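Source file: final_27.cif; contents: mmCIF, N, CA and C atoms and all ligand atoms.
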```
data_data
loop_
_atom_site.label_atom_id
_atom_site.label_comp_id
_atom_site.auth_asym_id
_atom_site.auth_seq_id
_atom_site.Cartn_x
_atom_site.Cartn_y
_atom_site.Cartn_z
N MET V 176 7.84 -25.21 3.83
CA MET V 176 7.13 -24.06 3.28
C MET V 176 6.52 -23.24 4.42
N SER V 177 6.92 -22.02 4.52
CA SER V 177 6.37 -21.19 5.58
C SER V 177 5.02 -20.64 5.15
N ARG V 178 4.12 -20.62 6.09
CA ARG V 178 2.77 -20.17 5.80
C ARG V 178 2.65 -18.69 6.09
N GLN V 179 2.38 -17.92 5.05
CA GLN V 179 2.26 -16.49 5.26
C GLN V 179 0.85 -16.03 4.99
N LYS V 180 0.50 -14.96 5.65
CA LYS V 180 -0.83 -14.39 5.46
C LYS V 180 -0.95 -13.88 4.02
N VAL V 181 -2.05 -14.21 3.39
CA VAL V 181 -2.27 -13.72 2.04
C VAL V 181 -2.77 -12.29 2.12
N ILE V 182 -2.08 -11.42 1.41
CA ILE V 182 -2.49 -10.02 1.37
C ILE V 182 -3.17 -9.78 0.03
N ARG V 183 -4.33 -9.18 0.06
CA ARG V 183 -5.01 -8.84 -1.19
C ARG V 183 -5.15 -7.34 -1.34
N CYS V 184 -5.02 -6.90 -2.57
CA CYS V 184 -5.14 -5.48 -2.87
C CYS V 184 -6.60 -5.06 -2.78
N ALA V 185 -6.86 -3.99 -2.02
CA ALA V 185 -8.23 -3.52 -1.84
C ALA V 185 -8.76 -2.86 -3.11
N ALA V 186 -7.88 -2.52 -4.04
CA ALA V 186 -8.31 -1.86 -5.26
C ALA V 186 -8.68 -2.87 -6.35
N CYS V 187 -7.81 -3.84 -6.60
CA CYS V 187 -8.05 -4.76 -7.72
C CYS V 187 -8.30 -6.19 -7.27
N ALA V 188 -8.27 -6.45 -5.97
CA ALA V 188 -8.51 -7.77 -5.39
C ALA V 188 -7.44 -8.79 -5.75
N GLY V 189 -6.38 -8.32 -6.38
CA GLY V 189 -5.28 -9.22 -6.71
C GLY V 189 -4.42 -9.48 -5.50
N ARG V 190 -3.67 -10.56 -5.56
CA ARG V 190 -2.82 -10.92 -4.45
C ARG V 190 -1.55 -10.08 -4.44
N ILE V 191 -1.09 -9.72 -3.26
CA ILE V 191 0.15 -8.97 -3.13
C ILE V 191 1.17 -9.86 -2.45
N LYS V 192 2.28 -10.08 -3.09
CA LYS V 192 3.33 -10.89 -2.46
C LYS V 192 4.01 -10.04 -1.38
N PRO V 193 4.16 -10.60 -0.19
CA PRO V 193 4.72 -9.82 0.94
C PRO V 193 6.10 -9.25 0.65
N GLN V 194 6.86 -9.92 -0.20
CA GLN V 194 8.20 -9.41 -0.49
C GLN V 194 8.19 -8.35 -1.58
N HIS V 195 7.01 -8.09 -2.14
CA HIS V 195 6.90 -7.05 -3.16
C HIS V 195 6.44 -5.74 -2.51
N PRO V 196 6.80 -4.62 -3.11
CA PRO V 196 6.39 -3.35 -2.51
C PRO V 196 4.88 -3.17 -2.55
N HIS V 197 4.34 -2.64 -1.47
CA HIS V 197 2.91 -2.33 -1.45
C HIS V 197 2.65 -1.25 -0.40
N ILE V 198 1.43 -0.77 -0.41
CA ILE V 198 1.05 0.30 0.51
C ILE V 198 0.00 -0.22 1.48
N GLY V 199 0.15 0.12 2.73
CA GLY V 199 -0.85 -0.26 3.72
C GLY V 199 -1.47 0.98 4.33
N VAL V 200 -2.79 0.99 4.42
CA VAL V 200 -3.47 2.11 5.07
C VAL V 200 -4.16 1.53 6.29
N GLU V 201 -3.67 1.90 7.45
CA GLU V 201 -4.14 1.30 8.69
C GLU V 201 -5.16 2.18 9.39
N ASP V 202 -6.30 1.58 9.70
CA ASP V 202 -7.32 2.25 10.49
C ASP V 202 -6.85 2.21 11.93
N LEU V 203 -6.51 3.37 12.48
CA LEU V 203 -5.91 3.41 13.82
C LEU V 203 -6.91 3.05 14.91
N GLU V 204 -8.18 3.07 14.59
CA GLU V 204 -9.19 2.75 15.58
C GLU V 204 -9.38 1.24 15.71
N THR V 205 -9.41 0.56 14.56
CA THR V 205 -9.70 -0.87 14.57
C THR V 205 -8.46 -1.72 14.33
N GLY V 206 -7.37 -1.10 13.84
CA GLY V 206 -6.17 -1.86 13.55
C GLY V 206 -6.25 -2.60 12.22
N VAL V 207 -7.37 -2.45 11.52
CA VAL V 207 -7.52 -3.10 10.22
C VAL V 207 -6.69 -2.35 9.20
N GLU V 208 -5.97 -3.10 8.38
CA GLU V 208 -5.13 -2.46 7.39
C GLU V 208 -5.58 -2.83 5.98
N PHE V 209 -5.77 -1.80 5.16
CA PHE V 209 -6.10 -2.02 3.76
C PHE V 209 -4.80 -1.98 2.97
N SER V 210 -4.60 -2.96 2.10
CA SER V 210 -3.36 -3.02 1.33
C SER V 210 -3.62 -2.73 -0.13
N TYR V 211 -2.63 -2.13 -0.76
CA TYR V 211 -2.74 -1.78 -2.17
C TYR V 211 -1.43 -2.06 -2.87
N HIS V 212 -1.53 -2.43 -4.16
CA HIS V 212 -0.33 -2.58 -4.97
C HIS V 212 0.39 -1.24 -5.10
N ALA V 213 1.68 -1.32 -5.43
CA ALA V 213 2.46 -0.09 -5.61
C ALA V 213 2.19 0.55 -6.96
N ARG V 214 1.52 -0.18 -7.86
CA ARG V 214 1.30 0.38 -9.20
C ARG V 214 0.34 1.57 -9.15
N ALA V 215 0.50 2.46 -10.14
CA ALA V 215 -0.21 3.74 -10.12
C ALA V 215 -1.73 3.59 -10.05
N SER V 216 -2.31 2.62 -10.80
CA SER V 216 -3.76 2.50 -10.83
C SER V 216 -4.31 2.11 -9.46
N CYS V 217 -3.61 1.25 -8.75
CA CYS V 217 -4.07 0.84 -7.43
C CYS V 217 -3.84 1.94 -6.41
N GLN V 218 -2.75 2.69 -6.58
CA GLN V 218 -2.49 3.83 -5.69
C GLN V 218 -3.58 4.87 -5.81
N LYS V 219 -4.06 5.04 -7.04
CA LYS V 219 -5.10 6.04 -7.28
C LYS V 219 -6.35 5.65 -6.50
N ARG V 220 -6.71 4.37 -6.58
CA ARG V 220 -7.86 3.88 -5.81
C ARG V 220 -7.62 4.05 -4.32
N CYS V 221 -6.40 3.79 -3.91
CA CYS V 221 -6.02 3.92 -2.51
C CYS V 221 -6.30 5.34 -2.01
N VAL V 222 -5.87 6.32 -2.80
CA VAL V 222 -6.06 7.73 -2.41
C VAL V 222 -7.55 8.05 -2.35
N GLU V 223 -8.29 7.62 -3.37
CA GLU V 223 -9.72 7.92 -3.41
C GLU V 223 -10.46 7.29 -2.23
N GLU V 224 -10.14 6.03 -1.95
CA GLU V 224 -10.83 5.34 -0.86
C GLU V 224 -10.44 5.90 0.50
N THR V 225 -9.18 6.29 0.62
CA THR V 225 -8.73 6.84 1.89
C THR V 225 -9.40 8.19 2.16
N VAL V 226 -9.54 9.00 1.10
CA VAL V 226 -10.22 10.29 1.25
C VAL V 226 -11.65 10.06 1.70
N THR V 227 -12.33 9.07 1.09
CA THR V 227 -13.70 8.75 1.48
C THR V 227 -13.78 8.34 2.94
N ARG V 228 -12.82 7.53 3.37
CA ARG V 228 -12.83 7.06 4.76
C ARG V 228 -12.50 8.20 5.72
N LEU V 229 -11.61 9.07 5.30
CA LEU V 229 -11.26 10.21 6.16
C LEU V 229 -12.48 11.11 6.35
N GLU V 230 -13.24 11.25 5.26
CA GLU V 230 -14.45 12.08 5.34
C GLU V 230 -15.47 11.47 6.28
N ALA V 231 -15.37 10.16 6.48
CA ALA V 231 -16.27 9.48 7.40
C ALA V 231 -15.77 9.60 8.84
N GLY V 232 -14.69 10.36 9.03
CA GLY V 232 -14.21 10.63 10.37
C GLY V 232 -13.20 9.63 10.92
N LYS V 233 -12.65 8.80 10.04
CA LYS V 233 -11.69 7.81 10.50
C LYS V 233 -10.27 8.36 10.46
N VAL V 234 -9.40 7.75 11.25
CA VAL V 234 -8.00 8.18 11.30
C VAL V 234 -7.11 7.05 10.81
N PHE V 235 -6.22 7.41 9.90
CA PHE V 235 -5.39 6.38 9.29
C PHE V 235 -3.90 6.69 9.37
N ALA V 236 -3.12 5.64 9.30
CA ALA V 236 -1.68 5.78 9.14
C ALA V 236 -1.31 5.01 7.88
N ALA V 237 -0.57 5.65 7.01
CA ALA V 237 -0.15 4.99 5.78
C ALA V 237 1.24 4.40 5.96
N HIS V 238 1.41 3.18 5.48
CA HIS V 238 2.71 2.53 5.54
C HIS V 238 3.16 2.19 4.14
N HIS V 239 4.42 2.41 3.87
CA HIS V 239 4.98 2.01 2.59
C HIS V 239 5.88 0.81 2.81
N TYR V 240 5.46 -0.33 2.30
CA TYR V 240 6.25 -1.53 2.45
C TYR V 240 7.10 -1.71 1.20
N HIS V 241 8.38 -1.71 1.40
CA HIS V 241 9.27 -1.81 0.25
C HIS V 241 9.57 -3.25 -0.09
N SER V 242 10.02 -3.42 -1.31
CA SER V 242 10.45 -4.74 -1.77
C SER V 242 11.51 -5.28 -0.83
N SER V 243 11.53 -6.60 -0.66
CA SER V 243 12.50 -7.20 0.24
C SER V 243 13.93 -6.97 -0.25
N ARG V 244 14.05 -6.59 -1.52
CA ARG V 244 15.38 -6.35 -2.07
C ARG V 244 15.77 -4.88 -2.03
N CYS V 245 14.88 -4.05 -1.53
CA CYS V 245 15.16 -2.61 -1.50
C CYS V 245 16.18 -2.29 -0.41
N PRO V 246 17.24 -1.59 -0.78
CA PRO V 246 18.29 -1.26 0.19
C PRO V 246 18.00 -0.01 1.00
N ASP V 247 16.90 0.67 0.68
CA ASP V 247 16.65 1.95 1.30
C ASP V 247 16.22 1.83 2.75
N GLU V 248 16.87 2.56 3.63
CA GLU V 248 16.54 2.46 5.05
C GLU V 248 15.50 3.48 5.46
N ALA V 249 15.29 4.48 4.64
CA ALA V 249 14.27 5.48 4.92
C ALA V 249 13.21 5.40 3.84
N PRO V 250 12.29 4.43 4.00
CA PRO V 250 11.32 4.16 2.94
C PRO V 250 10.43 5.35 2.61
N GLY V 251 10.04 5.41 1.38
CA GLY V 251 9.16 6.47 0.92
C GLY V 251 9.16 6.43 -0.59
N PHE V 252 8.56 7.40 -1.21
CA PHE V 252 8.58 7.44 -2.66
C PHE V 252 9.98 7.79 -3.13
N GLY V 253 10.31 7.35 -4.31
CA GLY V 253 11.60 7.69 -4.88
C GLY V 253 12.76 7.01 -4.18
N CYS V 254 12.56 5.79 -3.71
CA CYS V 254 13.65 5.08 -3.05
C CYS V 254 14.61 4.51 -4.08
N ALA V 255 15.69 3.97 -3.61
CA ALA V 255 16.75 3.48 -4.49
C ALA V 255 16.30 2.36 -5.43
N ALA V 256 15.31 1.59 -5.02
CA ALA V 256 14.90 0.45 -5.82
C ALA V 256 13.65 0.72 -6.66
N ASP V 257 13.18 1.98 -6.65
CA ASP V 257 11.99 2.32 -7.42
C ASP V 257 10.80 1.43 -7.11
N CYS V 258 10.53 1.22 -5.84
CA CYS V 258 9.45 0.32 -5.45
C CYS V 258 8.08 0.81 -5.91
N PHE V 259 7.89 2.12 -5.86
CA PHE V 259 6.55 2.65 -6.11
C PHE V 259 6.46 3.45 -7.39
N ASP V 260 5.40 3.23 -8.12
CA ASP V 260 5.11 4.09 -9.26
C ASP V 260 4.84 5.48 -8.69
N THR V 261 5.38 6.48 -9.34
CA THR V 261 5.12 7.84 -8.87
C THR V 261 3.72 8.26 -9.32
N PRO V 262 2.86 8.61 -8.36
CA PRO V 262 1.51 9.02 -8.75
C PRO V 262 1.57 10.24 -9.67
N MET V 263 0.76 10.20 -10.69
CA MET V 263 0.78 11.29 -11.70
C MET V 263 0.43 12.62 -11.06
N ALA V 264 -0.38 12.58 -10.01
CA ALA V 264 -0.86 13.81 -9.39
C ALA V 264 0.25 14.66 -8.80
N VAL V 265 1.39 14.07 -8.45
CA VAL V 265 2.43 14.86 -7.80
C VAL V 265 3.46 15.40 -8.78
N ALA V 266 3.23 15.16 -10.09
CA ALA V 266 4.16 15.71 -11.08
C ALA V 266 4.12 17.24 -11.02
N ASN V 267 5.27 17.87 -10.99
CA ASN V 267 5.24 19.33 -10.92
C ASN V 267 5.60 19.91 -12.29
ZN ZN V 301 -3.97 -3.84 -6.96
ZN ZN V 302 12.10 0.75 -1.85
#
```
Output the file's structure in the form of structure tokens.
Amino acid sequence: MSRQKVIRCAACAGRIKPQHPHIGVEDLETGVEFSYHARASCQKRCVEETVTRLEAGKVFAAHHYHSSRCPDEAPGFGCAADCFDTPMAVAN
């Protein structure tokens, strides 16, 4: 059994399986990364918290971690495996 780091969602405190899609928001100053589930409710919290942190003068890089089964080589929203719920805010 390989020992992997437990990732917890900063929005709901639930565990995120590393092979499942999730979002990481990395504080470029400290290297600390906040992780969030790919589901819409956790993404919403992610956006809200990131805006708050940005307002505090911090700099972040967002990472989209796709499912281990995702074939997409250029990760992002709308990938081939539908890893991420599409945030309602971007509906046109
Ligand atoms: Zn969550
Ligand atoms: Zn994907």
Against region 195-207 of chain V, which residues of region 215-262 of chain V fall within 8 Å? For each one I want the closest pair of atoms and the distance in Å (one decimal), counting only C-alpha atoms, rows by chain and increasing residue number, as CSV.
```
residue,atom,partner,partner_atom,distance
V:Gln218,CA,V:Ile198,CA,8.0
V:Thr225,CA,V:Val200,CA,7.8
V:Lys233,CA,V:Asp202,CA,7.1
V:Val234,CA,V:Leu203,CA,5.8
V:Phe235,CA,V:Asp202,CA,4.7
V:Ala236,CA,V:Glu201,CA,5.1
V:Ala237,CA,V:Val200,CA,4.5
V:His238,CA,V:Gly199,CA,4.9
V:His239,CA,V:Ile198,CA,4.8
V:Tyr240,CA,V:His197,CA,5.2
V:His241,CA,V:Pro196,CA,4.3
V:Ser242,CA,V:Pro196,CA,4.4
V:Ser243,CA,V:His195,CA,6.6
V:Cys258,CA,V:Pro196,CA,5.6
V:Phe259,CA,V:Pro196,CA,7.0
```
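Running DSSP on the backbone gives alpha helix (DSSP H) for these residues within region 180-262 of chain V: V:Ala215, V:Ser216, V:Cys217, V:Gln218, V:Lys219, V:Arg220, V:Cys221, V:Val222, V:Glu223, V:Glu224, V:Thr225, V:Val226, V:Thr227, V:Arg228, V:Leu229, V:Glu230.
Running DSSP on the backbone and keeping only strand (DSSP E or B), the residues of chain V that qualify are Ile182, Arg183, Cys184, Arg190, Ile191, His197, Ile198, Gly199, Val200, Glu201, Asp202, Glu208, Phe209, Ser210, Tyr211, His212, Phe235, Ala236, Ala237, His238, His239 and Tyr240 of chain V.
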| field | Residues within 5 Å of Cys184 (chain V), only N, CA and C atoms, excluding chain neighbours under 3 positions, as a PyMOL selection string | value | chain V and resi 187-191+210-212
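Straight-line separation from atom N of Asp257 (chain V) to atom ZN of ligand ZN 302 (chain V): 5.1 Å.
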| Rounded to one decimal in Å, what is the spacing between CA of Lys192 (chain V) and CA of Ala215 (chain V)? |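 CA of Lys192 (chain V) sits 16.9 Å away from CA of Ala215 (chain V).
Each of V:Asp247, V:Asp260, V:Glu223, V:Glu230 was checked against ligand ZN 302 (chain V) using all atoms listed in the file; the smallest atom-to-atom distance is that of V:Asp247.
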| From V:Ala249, V:Ala186, V:Glu208, V:Glu224, residue lying nearest ligand ZN 301 (chain V) [all atoms listed in the file] |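 Answer, going by the shortest atom-to-atom distance: V:Ala186.
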| request: Could you tell me which of V:Arg228, V:Arg244, V:Arg220, V:Arg214 comes closest to ligand ZN 302 (chain V) if we count only N, CA and C atoms and all ligand atoms? | output: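 Closest to ligand ZN 302 (chain V) of all the choices is V:Arg244.
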| field | Best match for closeness to ligand ZN 301 (chain V) among V:Cys245, V:Val226, V:Ala213, V:Ala231, counting all atoms listed in the file | value |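 Of the candidates, the smallest distance to ligand ZN 301 (chain V) is held by V:Ala213.
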| field | Residue among V:Thr261, V:Ala255, V:Glu248, V:Ile182 lying closest to Ser216 (chain V), counting only C-alpha atoms | value |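 Checking each of V:Thr261, V:Ala255, V:Glu248, V:Ile182 against Ser216 (chain V), counting only C-alpha atoms, the winner is V:Thr261.
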Emit as AutoDock Vina command-line options the padded axis-aligned box for all listed atoms of region 237-240 of chain V, 8 Å per side, with centre and edge lengths in Å to one decimal.
```
--center_x 3.3 --center_y 2.0 --center_z 4.1 --size_x 23.7 --size_y 23.4 --size_z 21.8
```
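You will find atom C of Phe209 (chain V) at 18.7 Å from atom C of Phe252 (chain V).
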| task | Find the residue from V:Cys217, V:Pro193, V:Val181, V:Gly232 that sits nearest to ligand ZN 301 (chain V); use all atoms listed in the file when measuring. | result | V:Cys217
